[in-house]
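Listing of target06.txt, compact mmCIF, N, CA and C atoms
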# COMPACT_ATOMS: atom_id res chain seq x y z
N MET A 8 -15.93 12.34 -19.78
CA MET A 8 -16.04 11.49 -18.61
C MET A 8 -14.84 10.55 -18.55
N SER A 9 -14.10 10.57 -17.44
CA SER A 9 -12.94 9.70 -17.32
C SER A 9 -13.37 8.33 -16.78
N ARG A 10 -12.66 7.31 -17.21
CA ARG A 10 -12.96 5.96 -16.76
C ARG A 10 -11.93 5.54 -15.73
N PHE A 11 -12.35 4.75 -14.76
CA PHE A 11 -11.45 4.25 -13.72
C PHE A 11 -10.48 3.26 -14.34
N HIS A 12 -9.23 3.41 -14.02
CA HIS A 12 -8.19 2.47 -14.44
C HIS A 12 -7.44 2.02 -13.19
N SER A 13 -7.52 0.74 -12.90
CA SER A 13 -6.84 0.21 -11.73
C SER A 13 -5.35 -0.01 -12.03
N HIS A 14 -4.53 0.33 -11.09
CA HIS A 14 -3.09 0.09 -11.18
C HIS A 14 -2.68 -1.05 -10.25
N MET A 15 -3.66 -1.85 -9.84
CA MET A 15 -3.36 -2.94 -8.90
C MET A 15 -2.44 -3.98 -9.52
N GLU A 16 -2.52 -4.20 -10.82
CA GLU A 16 -1.63 -5.18 -11.45
C GLU A 16 -0.17 -4.78 -11.25
N ALA A 17 0.13 -3.49 -11.31
CA ALA A 17 1.50 -3.03 -11.07
C ALA A 17 1.91 -3.30 -9.62
N ALA A 18 0.99 -3.10 -8.69
CA ALA A 18 1.27 -3.40 -7.28
C ALA A 18 1.46 -4.90 -7.08
N LEU A 19 0.66 -5.71 -7.76
CA LEU A 19 0.81 -7.16 -7.66
C LEU A 19 2.15 -7.61 -8.23
N ALA A 20 2.61 -6.96 -9.30
CA ALA A 20 3.93 -7.30 -9.86
C ALA A 20 5.02 -7.01 -8.82
N GLU A 21 4.89 -5.90 -8.10
CA GLU A 21 5.86 -5.58 -7.05
C GLU A 21 5.78 -6.62 -5.92
N ALA A 22 4.57 -7.06 -5.60
CA ALA A 22 4.40 -8.08 -4.55
C ALA A 22 5.05 -9.40 -4.98
N ARG A 23 4.85 -9.79 -6.23
CA ARG A 23 5.47 -11.03 -6.72
C ARG A 23 6.99 -10.92 -6.64
N ALA A 24 7.55 -9.77 -7.02
CA ALA A 24 9.00 -9.57 -6.96
C ALA A 24 9.50 -9.62 -5.52
N ALA A 25 8.74 -9.04 -4.60
CA ALA A 25 9.13 -9.09 -3.18
C ALA A 25 9.15 -10.53 -2.70
N GLY A 26 8.13 -11.30 -3.03
CA GLY A 26 8.10 -12.71 -2.64
C GLY A 26 9.27 -13.49 -3.21
N ALA A 27 9.65 -13.20 -4.45
CA ALA A 27 10.79 -13.87 -5.07
C ALA A 27 12.10 -13.53 -4.36
N ARG A 28 12.15 -12.38 -3.70
CA ARG A 28 13.34 -11.99 -2.92
C ARG A 28 13.31 -12.55 -1.50
N GLY A 29 12.24 -13.28 -1.15
CA GLY A 29 12.12 -13.82 0.19
C GLY A 29 11.45 -12.88 1.17
N GLU A 30 10.89 -11.80 0.65
CA GLU A 30 10.17 -10.84 1.49
C GLU A 30 8.68 -11.22 1.50
N VAL A 31 7.95 -10.76 2.51
CA VAL A 31 6.50 -10.93 2.51
C VAL A 31 5.99 -10.23 1.24
N PRO A 32 5.21 -10.94 0.41
CA PRO A 32 4.82 -10.40 -0.89
C PRO A 32 3.75 -9.32 -0.82
N VAL A 33 4.20 -8.10 -0.59
CA VAL A 33 3.32 -6.93 -0.59
C VAL A 33 3.94 -5.92 -1.55
N GLY A 34 3.11 -5.34 -2.40
CA GLY A 34 3.57 -4.34 -3.35
C GLY A 34 2.69 -3.11 -3.31
N ALA A 35 3.28 -1.98 -3.71
CA ALA A 35 2.55 -0.72 -3.71
C ALA A 35 3.02 0.15 -4.87
N VAL A 36 2.09 0.94 -5.41
CA VAL A 36 2.43 1.94 -6.41
C VAL A 36 1.71 3.24 -6.08
N VAL A 37 2.37 4.35 -6.38
CA VAL A 37 1.78 5.67 -6.22
C VAL A 37 1.52 6.22 -7.62
N VAL A 38 0.31 6.73 -7.79
CA VAL A 38 -0.14 7.23 -9.09
C VAL A 38 -0.41 8.73 -8.99
N ALA A 39 0.18 9.50 -9.88
CA ALA A 39 0.01 10.96 -9.90
C ALA A 39 -1.38 11.32 -10.43
N PRO A 40 -1.79 12.57 -10.22
CA PRO A 40 -3.12 12.99 -10.68
C PRO A 40 -3.40 12.71 -12.16
N GLY A 41 -2.41 12.72 -13.02
CA GLY A 41 -2.62 12.44 -14.43
C GLY A 41 -2.74 10.97 -14.77
N GLY A 42 -2.57 10.10 -13.78
CA GLY A 42 -2.70 8.66 -14.00
C GLY A 42 -1.39 7.93 -14.23
N GLN A 43 -0.26 8.63 -14.10
CA GLN A 43 1.05 8.01 -14.31
C GLN A 43 1.58 7.44 -13.00
N VAL A 44 2.11 6.21 -13.06
CA VAL A 44 2.76 5.62 -11.89
C VAL A 44 4.07 6.37 -11.68
N VAL A 45 4.24 6.98 -10.50
CA VAL A 45 5.45 7.75 -10.21
C VAL A 45 6.38 7.04 -9.23
N ALA A 46 5.90 5.98 -8.59
CA ALA A 46 6.74 5.21 -7.67
C ALA A 46 6.14 3.83 -7.49
N ALA A 47 7.00 2.85 -7.35
CA ALA A 47 6.57 1.47 -7.13
C ALA A 47 7.58 0.80 -6.21
N ALA A 48 7.08 -0.06 -5.33
CA ALA A 48 7.98 -0.75 -4.40
C ALA A 48 7.32 -2.00 -3.86
N GLY A 49 8.16 -2.91 -3.43
CA GLY A 49 7.72 -4.10 -2.71
C GLY A 49 8.41 -4.10 -1.36
N ASN A 50 7.92 -4.93 -0.47
CA ASN A 50 8.54 -5.02 0.85
C ASN A 50 10.03 -5.29 0.74
N ARG A 51 10.82 -4.67 1.62
CA ARG A 51 12.27 -4.89 1.68
C ARG A 51 12.76 -4.86 3.13
N THR A 52 11.92 -5.30 4.06
CA THR A 52 12.30 -5.25 5.47
C THR A 52 13.50 -6.12 5.78
N ARG A 53 13.55 -7.30 5.20
CA ARG A 53 14.69 -8.20 5.45
C ARG A 53 15.93 -7.71 4.72
N GLU A 54 15.77 -7.36 3.46
CA GLU A 54 16.91 -6.90 2.66
C GLU A 54 17.58 -5.68 3.28
N HIS A 55 16.79 -4.75 3.78
CA HIS A 55 17.33 -3.52 4.37
C HIS A 55 17.53 -3.61 5.88
N ALA A 56 17.15 -4.75 6.47
CA ALA A 56 17.20 -4.89 7.93
C ALA A 56 16.52 -3.68 8.58
N ASP A 57 15.33 -3.38 8.09
CA ASP A 57 14.61 -2.17 8.49
C ASP A 57 13.13 -2.49 8.65
N PRO A 58 12.62 -2.45 9.87
CA PRO A 58 11.21 -2.79 10.08
C PRO A 58 10.24 -1.79 9.44
N THR A 59 10.73 -0.64 9.01
CA THR A 59 9.85 0.34 8.37
C THR A 59 9.88 0.23 6.84
N ALA A 60 10.62 -0.69 6.29
CA ALA A 60 10.77 -0.81 4.83
C ALA A 60 9.60 -1.57 4.21
N HIS A 61 8.37 -1.17 4.59
CA HIS A 61 7.17 -1.74 3.99
C HIS A 61 7.00 -1.14 2.60
N ALA A 62 6.32 -1.86 1.73
CA ALA A 62 6.11 -1.41 0.36
C ALA A 62 5.53 0.00 0.31
N GLU A 63 4.53 0.26 1.15
CA GLU A 63 3.88 1.58 1.13
C GLU A 63 4.86 2.69 1.48
N ILE A 64 5.65 2.48 2.52
CA ILE A 64 6.60 3.50 2.97
C ILE A 64 7.63 3.77 1.87
N LEU A 65 8.17 2.71 1.28
CA LEU A 65 9.17 2.88 0.23
C LEU A 65 8.58 3.60 -0.98
N ALA A 66 7.36 3.25 -1.36
CA ALA A 66 6.72 3.91 -2.50
C ALA A 66 6.42 5.38 -2.19
N LEU A 67 5.94 5.65 -0.99
CA LEU A 67 5.68 7.04 -0.61
C LEU A 67 6.96 7.87 -0.61
N ARG A 68 8.04 7.31 -0.07
CA ARG A 68 9.32 8.03 -0.06
C ARG A 68 9.76 8.39 -1.47
N ALA A 69 9.69 7.40 -2.37
CA ALA A 69 10.13 7.64 -3.76
C ALA A 69 9.23 8.66 -4.45
N ALA A 70 7.93 8.59 -4.20
CA ALA A 70 7.00 9.54 -4.81
C ALA A 70 7.24 10.96 -4.29
N CYS A 71 7.54 11.08 -3.01
CA CYS A 71 7.84 12.40 -2.44
C CYS A 71 9.10 12.99 -3.05
N VAL A 72 10.11 12.16 -3.24
CA VAL A 72 11.33 12.63 -3.89
C VAL A 72 11.01 13.10 -5.30
N ALA A 73 10.22 12.30 -6.03
CA ALA A 73 9.86 12.66 -7.41
C ALA A 73 9.07 13.96 -7.46
N ALA A 74 8.20 14.17 -6.47
CA ALA A 74 7.37 15.38 -6.41
C ALA A 74 8.11 16.56 -5.81
N GLY A 75 9.21 16.30 -5.11
CA GLY A 75 9.94 17.37 -4.44
C GLY A 75 9.16 17.94 -3.27
N SER A 76 8.37 17.10 -2.63
CA SER A 76 7.52 17.55 -1.53
C SER A 76 7.23 16.40 -0.58
N GLU A 77 6.97 16.74 0.68
CA GLU A 77 6.58 15.71 1.65
C GLU A 77 5.09 15.40 1.58
N ARG A 78 4.36 16.11 0.75
CA ARG A 78 2.92 15.91 0.58
C ARG A 78 2.63 15.48 -0.86
N LEU A 79 1.63 14.63 -1.00
CA LEU A 79 1.25 14.12 -2.32
C LEU A 79 -0.24 14.32 -2.59
N PRO A 80 -0.73 15.55 -2.48
CA PRO A 80 -2.16 15.76 -2.73
C PRO A 80 -2.51 15.38 -4.16
N GLY A 81 -3.65 14.75 -4.33
CA GLY A 81 -4.09 14.33 -5.66
C GLY A 81 -3.53 12.99 -6.09
N HIS A 82 -2.60 12.44 -5.35
CA HIS A 82 -2.00 11.15 -5.68
C HIS A 82 -2.82 10.01 -5.07
N ASP A 83 -2.78 8.87 -5.74
CA ASP A 83 -3.45 7.67 -5.25
C ASP A 83 -2.41 6.60 -4.94
N LEU A 84 -2.75 5.73 -3.99
CA LEU A 84 -1.86 4.64 -3.62
C LEU A 84 -2.61 3.32 -3.80
N TYR A 85 -1.97 2.41 -4.51
CA TYR A 85 -2.48 1.04 -4.67
C TYR A 85 -1.55 0.14 -3.90
N VAL A 86 -2.10 -0.69 -3.03
CA VAL A 86 -1.29 -1.62 -2.26
C VAL A 86 -2.03 -2.95 -2.16
N THR A 87 -1.27 -4.04 -2.21
CA THR A 87 -1.89 -5.36 -2.29
C THR A 87 -2.47 -5.85 -0.97
N LEU A 88 -2.07 -5.27 0.14
CA LEU A 88 -2.54 -5.69 1.46
C LEU A 88 -2.96 -4.46 2.25
N GLU A 89 -4.00 -4.59 3.03
CA GLU A 89 -4.46 -3.50 3.90
C GLU A 89 -3.26 -2.95 4.68
N PRO A 90 -3.02 -1.66 4.61
CA PRO A 90 -1.87 -1.08 5.33
C PRO A 90 -1.96 -1.27 6.85
N CYS A 91 -0.79 -1.47 7.44
CA CYS A 91 -0.68 -1.56 8.90
C CYS A 91 -0.85 -0.15 9.48
N PRO A 92 -0.95 -0.02 10.80
CA PRO A 92 -1.10 1.32 11.39
C PRO A 92 0.04 2.28 11.04
N MET A 93 1.28 1.80 10.98
CA MET A 93 2.40 2.68 10.63
C MET A 93 2.22 3.23 9.22
N CYS A 94 1.89 2.36 8.29
CA CYS A 94 1.73 2.78 6.90
C CYS A 94 0.50 3.66 6.74
N ALA A 95 -0.58 3.34 7.44
CA ALA A 95 -1.78 4.17 7.37
C ALA A 95 -1.47 5.59 7.84
N ALA A 96 -0.71 5.71 8.92
CA ALA A 96 -0.34 7.05 9.41
C ALA A 96 0.48 7.79 8.35
N ALA A 97 1.43 7.11 7.72
CA ALA A 97 2.25 7.74 6.69
C ALA A 97 1.40 8.17 5.50
N ILE A 98 0.42 7.35 5.14
CA ILE A 98 -0.49 7.68 4.04
C ILE A 98 -1.24 8.97 4.36
N GLY A 99 -1.70 9.10 5.60
CA GLY A 99 -2.38 10.32 6.02
C GLY A 99 -1.45 11.52 6.01
N PHE A 100 -0.23 11.34 6.53
CA PHE A 100 0.73 12.45 6.56
C PHE A 100 1.09 12.91 5.15
N ALA A 101 1.13 11.97 4.20
CA ALA A 101 1.46 12.31 2.81
C ALA A 101 0.27 12.95 2.07
N ARG A 102 -0.89 12.92 2.70
CA ARG A 102 -2.12 13.49 2.11
C ARG A 102 -2.53 12.79 0.82
N ILE A 103 -2.38 11.45 0.81
CA ILE A 103 -2.82 10.65 -0.33
C ILE A 103 -4.32 10.86 -0.54
N ARG A 104 -4.73 11.02 -1.79
CA ARG A 104 -6.14 11.28 -2.11
C ARG A 104 -7.00 10.02 -1.98
N ARG A 105 -6.54 8.93 -2.61
CA ARG A 105 -7.31 7.68 -2.58
C ARG A 105 -6.38 6.52 -2.28
N LEU A 106 -6.87 5.62 -1.43
CA LEU A 106 -6.16 4.39 -1.10
C LEU A 106 -6.96 3.22 -1.64
N TYR A 107 -6.32 2.42 -2.47
CA TYR A 107 -6.92 1.19 -3.00
C TYR A 107 -6.11 0.03 -2.43
N PHE A 108 -6.76 -0.90 -1.75
CA PHE A 108 -6.00 -2.06 -1.29
C PHE A 108 -6.71 -3.35 -1.63
N GLY A 109 -5.91 -4.41 -1.72
CA GLY A 109 -6.41 -5.73 -2.11
C GLY A 109 -6.91 -6.53 -0.94
N ALA A 110 -6.04 -7.34 -0.37
CA ALA A 110 -6.40 -8.25 0.71
C ALA A 110 -6.61 -7.51 2.02
N ALA A 111 -7.61 -7.93 2.75
CA ALA A 111 -7.83 -7.41 4.11
C ALA A 111 -6.80 -8.06 5.03
N ASP A 112 -6.48 -7.38 6.13
CA ASP A 112 -5.53 -7.91 7.10
C ASP A 112 -6.13 -7.81 8.50
N PRO A 113 -6.99 -8.77 8.86
CA PRO A 113 -7.65 -8.72 10.17
C PRO A 113 -6.69 -8.76 11.35
N LYS A 114 -5.51 -9.34 11.16
CA LYS A 114 -4.54 -9.47 12.25
C LYS A 114 -3.72 -8.20 12.46
N SER A 115 -3.24 -7.59 11.38
CA SER A 115 -2.31 -6.47 11.51
C SER A 115 -2.72 -5.22 10.76
N GLY A 116 -3.90 -5.21 10.19
CA GLY A 116 -4.35 -4.05 9.42
C GLY A 116 -4.57 -2.83 10.30
N GLY A 117 -4.50 -1.68 9.68
CA GLY A 117 -4.70 -0.43 10.41
C GLY A 117 -5.74 0.48 9.78
N VAL A 118 -6.44 -0.03 8.76
CA VAL A 118 -7.41 0.79 8.05
C VAL A 118 -8.83 0.30 8.34
N ALA A 119 -9.15 -0.92 7.94
CA ALA A 119 -10.48 -1.49 8.16
C ALA A 119 -10.53 -2.37 9.40
N HIS A 120 -9.37 -2.72 9.91
CA HIS A 120 -9.25 -3.59 11.09
C HIS A 120 -8.33 -2.93 12.11
N GLY A 121 -8.26 -3.52 13.28
CA GLY A 121 -7.30 -3.06 14.29
C GLY A 121 -7.43 -1.60 14.64
N ALA A 122 -6.35 -0.87 14.46
CA ALA A 122 -6.28 0.53 14.90
C ALA A 122 -7.24 1.47 14.17
N ARG A 123 -7.61 1.14 12.95
CA ARG A 123 -8.50 2.00 12.14
C ARG A 123 -8.05 3.47 12.22
N VAL A 124 -6.84 3.68 11.81
CA VAL A 124 -6.16 4.98 11.94
C VAL A 124 -6.99 6.15 11.41
N PHE A 125 -7.63 5.97 10.28
CA PHE A 125 -8.35 7.09 9.67
C PHE A 125 -9.65 7.44 10.37
N ALA A 126 -10.10 6.59 11.29
CA ALA A 126 -11.35 6.85 12.02
C ALA A 126 -11.12 7.67 13.29
N HIS A 127 -9.87 7.88 13.67
CA HIS A 127 -9.57 8.60 14.91
C HIS A 127 -9.71 10.11 14.73
N PRO A 128 -10.20 10.80 15.74
CA PRO A 128 -10.32 12.25 15.64
C PRO A 128 -8.96 12.94 15.50
N GLN A 129 -7.87 12.28 15.92
CA GLN A 129 -6.53 12.86 15.79
C GLN A 129 -6.00 12.79 14.37
N CYS A 130 -6.66 12.05 13.52
CA CYS A 130 -6.22 11.90 12.13
C CYS A 130 -6.47 13.22 11.39
N HIS A 131 -5.42 13.80 10.84
CA HIS A 131 -5.53 15.08 10.15
C HIS A 131 -6.03 14.95 8.72
N HIS A 132 -5.82 13.78 8.12
CA HIS A 132 -6.25 13.57 6.73
C HIS A 132 -6.59 12.10 6.55
N ALA A 133 -7.72 11.83 5.97
CA ALA A 133 -8.12 10.47 5.63
C ALA A 133 -8.39 10.39 4.13
N PRO A 134 -7.76 9.45 3.46
CA PRO A 134 -8.03 9.31 2.02
C PRO A 134 -9.37 8.63 1.79
N GLU A 135 -9.86 8.72 0.57
CA GLU A 135 -10.97 7.86 0.17
C GLU A 135 -10.40 6.45 0.14
N ILE A 136 -11.17 5.47 0.59
CA ILE A 136 -10.67 4.10 0.70
C ILE A 136 -11.53 3.16 -0.13
N TYR A 137 -10.84 2.34 -0.93
CA TYR A 137 -11.50 1.32 -1.75
C TYR A 137 -10.77 0.01 -1.49
N ASP A 138 -11.48 -0.98 -0.99
CA ASP A 138 -10.84 -2.25 -0.65
C ASP A 138 -11.30 -3.36 -1.59
N GLY A 139 -10.59 -4.48 -1.53
CA GLY A 139 -10.94 -5.66 -2.30
C GLY A 139 -10.48 -5.65 -3.74
N ILE A 140 -9.72 -4.64 -4.16
CA ILE A 140 -9.23 -4.57 -5.55
C ILE A 140 -8.09 -5.58 -5.71
N GLY A 141 -8.29 -6.59 -6.53
CA GLY A 141 -7.26 -7.62 -6.72
C GLY A 141 -7.05 -8.49 -5.50
N ALA A 142 -8.05 -8.57 -4.64
CA ALA A 142 -7.90 -9.29 -3.37
C ALA A 142 -7.58 -10.77 -3.54
N ALA A 143 -8.21 -11.43 -4.48
CA ALA A 143 -8.01 -12.88 -4.63
C ALA A 143 -6.55 -13.20 -4.94
N GLU A 144 -5.94 -12.48 -5.88
CA GLU A 144 -4.54 -12.75 -6.20
C GLU A 144 -3.61 -12.35 -5.07
N ALA A 145 -3.89 -11.23 -4.43
CA ALA A 145 -3.06 -10.79 -3.30
C ALA A 145 -3.11 -11.82 -2.17
N GLU A 146 -4.30 -12.32 -1.87
CA GLU A 146 -4.45 -13.34 -0.83
C GLU A 146 -3.72 -14.61 -1.21
N ALA A 147 -3.81 -15.01 -2.47
CA ALA A 147 -3.12 -16.23 -2.92
C ALA A 147 -1.61 -16.09 -2.79
N LEU A 148 -1.07 -14.92 -3.15
CA LEU A 148 0.37 -14.69 -2.99
C LEU A 148 0.80 -14.82 -1.54
N LEU A 149 0.05 -14.21 -0.65
CA LEU A 149 0.38 -14.25 0.77
C LEU A 149 0.24 -15.66 1.34
N ARG A 150 -0.85 -16.31 0.99
CA ARG A 150 -1.09 -17.67 1.49
C ARG A 150 0.02 -18.62 1.03
N GLY A 151 0.39 -18.54 -0.25
CA GLY A 151 1.45 -19.39 -0.78
C GLY A 151 2.79 -19.12 -0.11
N PHE A 152 3.10 -17.86 0.13
CA PHE A 152 4.35 -17.49 0.78
C PHE A 152 4.44 -18.10 2.18
N PHE A 153 3.38 -17.94 2.96
CA PHE A 153 3.42 -18.45 4.33
C PHE A 153 3.31 -19.97 4.40
N GLU A 154 2.66 -20.60 3.44
CA GLU A 154 2.63 -22.06 3.40
C GLU A 154 4.02 -22.62 3.14
N ARG A 155 4.78 -21.95 2.28
CA ARG A 155 6.16 -22.41 1.98
C ARG A 155 7.06 -22.26 3.21
N LEU A 156 6.77 -21.32 4.08
CA LEU A 156 7.58 -21.13 5.29
C LEU A 156 7.33 -22.24 6.31
N ARG A 157 6.17 -22.82 6.29
CA ARG A 157 5.81 -23.83 7.31
C ARG A 157 6.38 -25.16 7.03

Could you render the structure as structure tokens?
Amino acid sequence: MSRFHSHMEAALAEARAAGARGEVPVGAVVVAPGGQVVAAAGNRTREHADPTAHAEILALRAACVAAGSERLPGHDLYVTLEPCPMCAAAIGFARIRRLYFGAADPKSGGVAHGARVFAHPQCHHAPEIYDGIGAAEAEALLRGFFERLR
């Protein structure tokens, strides 16, 4: 019997690093079927001057390169914030098996809030979804980041 092992701490480390770079502190890691982290990223939208450089997108891109495929069946994604609609669509296109996310995003989320991408009949693949993993720390990182901006 295998035991669940959360990789959210690795995603939180990426989020902390993103915040230290002046980016919105969101981090993501992709985990292969054997449990090995194969890609990790934090937001880099400002650094890359790229509105698509969200942590999830960057981690998915790196994992696809590592796998040599545009699909990641059997892979899991850990992300500190509920993915936006763009990232949720990419998660579906990549055929991620399980999505674990920390903080909910009632304003811009695309999974449990807002667009609810995986609930649409046009969605070709929906991962298993587990929310609230590491939510308190993820929320604290985000809250602190935006308080410092004000």

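Distance annotation: of A:Gly151, A:Gly34, A:Pro40, A:Pro134, the residue with the minimal separation from Ala60 in chain A is A:Gly34; atom set is only C-alpha atoms.
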
Just how far from atom C of Leu65 in chain A is CA of Ala46 in chain A, in Å to one decimal?
7.1 Å

Report, in Å to a single decimal, how far apart CA of Leu67 in chain A and atom N of Ile103 in chain A are.
9.3 Å

Interatomic distance between CA of Cys91 in chain A and CA of Arg28 in chain A?
21.1 Å

Residues at most 6.5 Å from Glu21 in chain A, counting all atoms listed in the file, excluding those fewer than 3 positions away in the same chain, as a ChimeraX atom specification?
/A:16-18,24-26,32-35,48-50

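Residue nearest His131 in chain A within the list A:Ala22, A:Val36, A:Phe100, A:Leu79: A:Phe100 [criterion: smallest interatomic distance, all atoms listed in the file].
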
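Summary of the local environment: counting only C-alpha atoms, residues at most 12 Å from Cys130 in chain A, other than itself and those fewer than 4 positions away along its chain, are Pro92, Ala95, Ala96, Ala97, Ile98, Gly99, Phe100, Arg102, Val118, Ala122, Arg123, Val124, Phe125, Ala126 and Pro134 of chain A.
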
Rank nothing, just name the residue among A:Val37, A:Tyr107, A:Leu88, A:Arg51 nearest to Ala69 in chain A, using only C-alpha atoms.
A:Val37

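The closest residue to Gly41 in chain A, picked from A:Glu54, A:Ala27, A:His82, A:Phe108 and counting only N, CA and C atoms, is A:His82.
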
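Taking only N, CA and C atoms into account, Ala145 in chain A lies nearest to A:Val86 out of the set A:Ala119, A:Cys71, A:Val86, A:Val45.
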
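Using only N, CA and C atoms, every residue with an atom at most 6 Å from the point (-0.5, -11.1, -9.1) is listed here: Leu19, Ala20, Glu144 and Ala145 of chain A.
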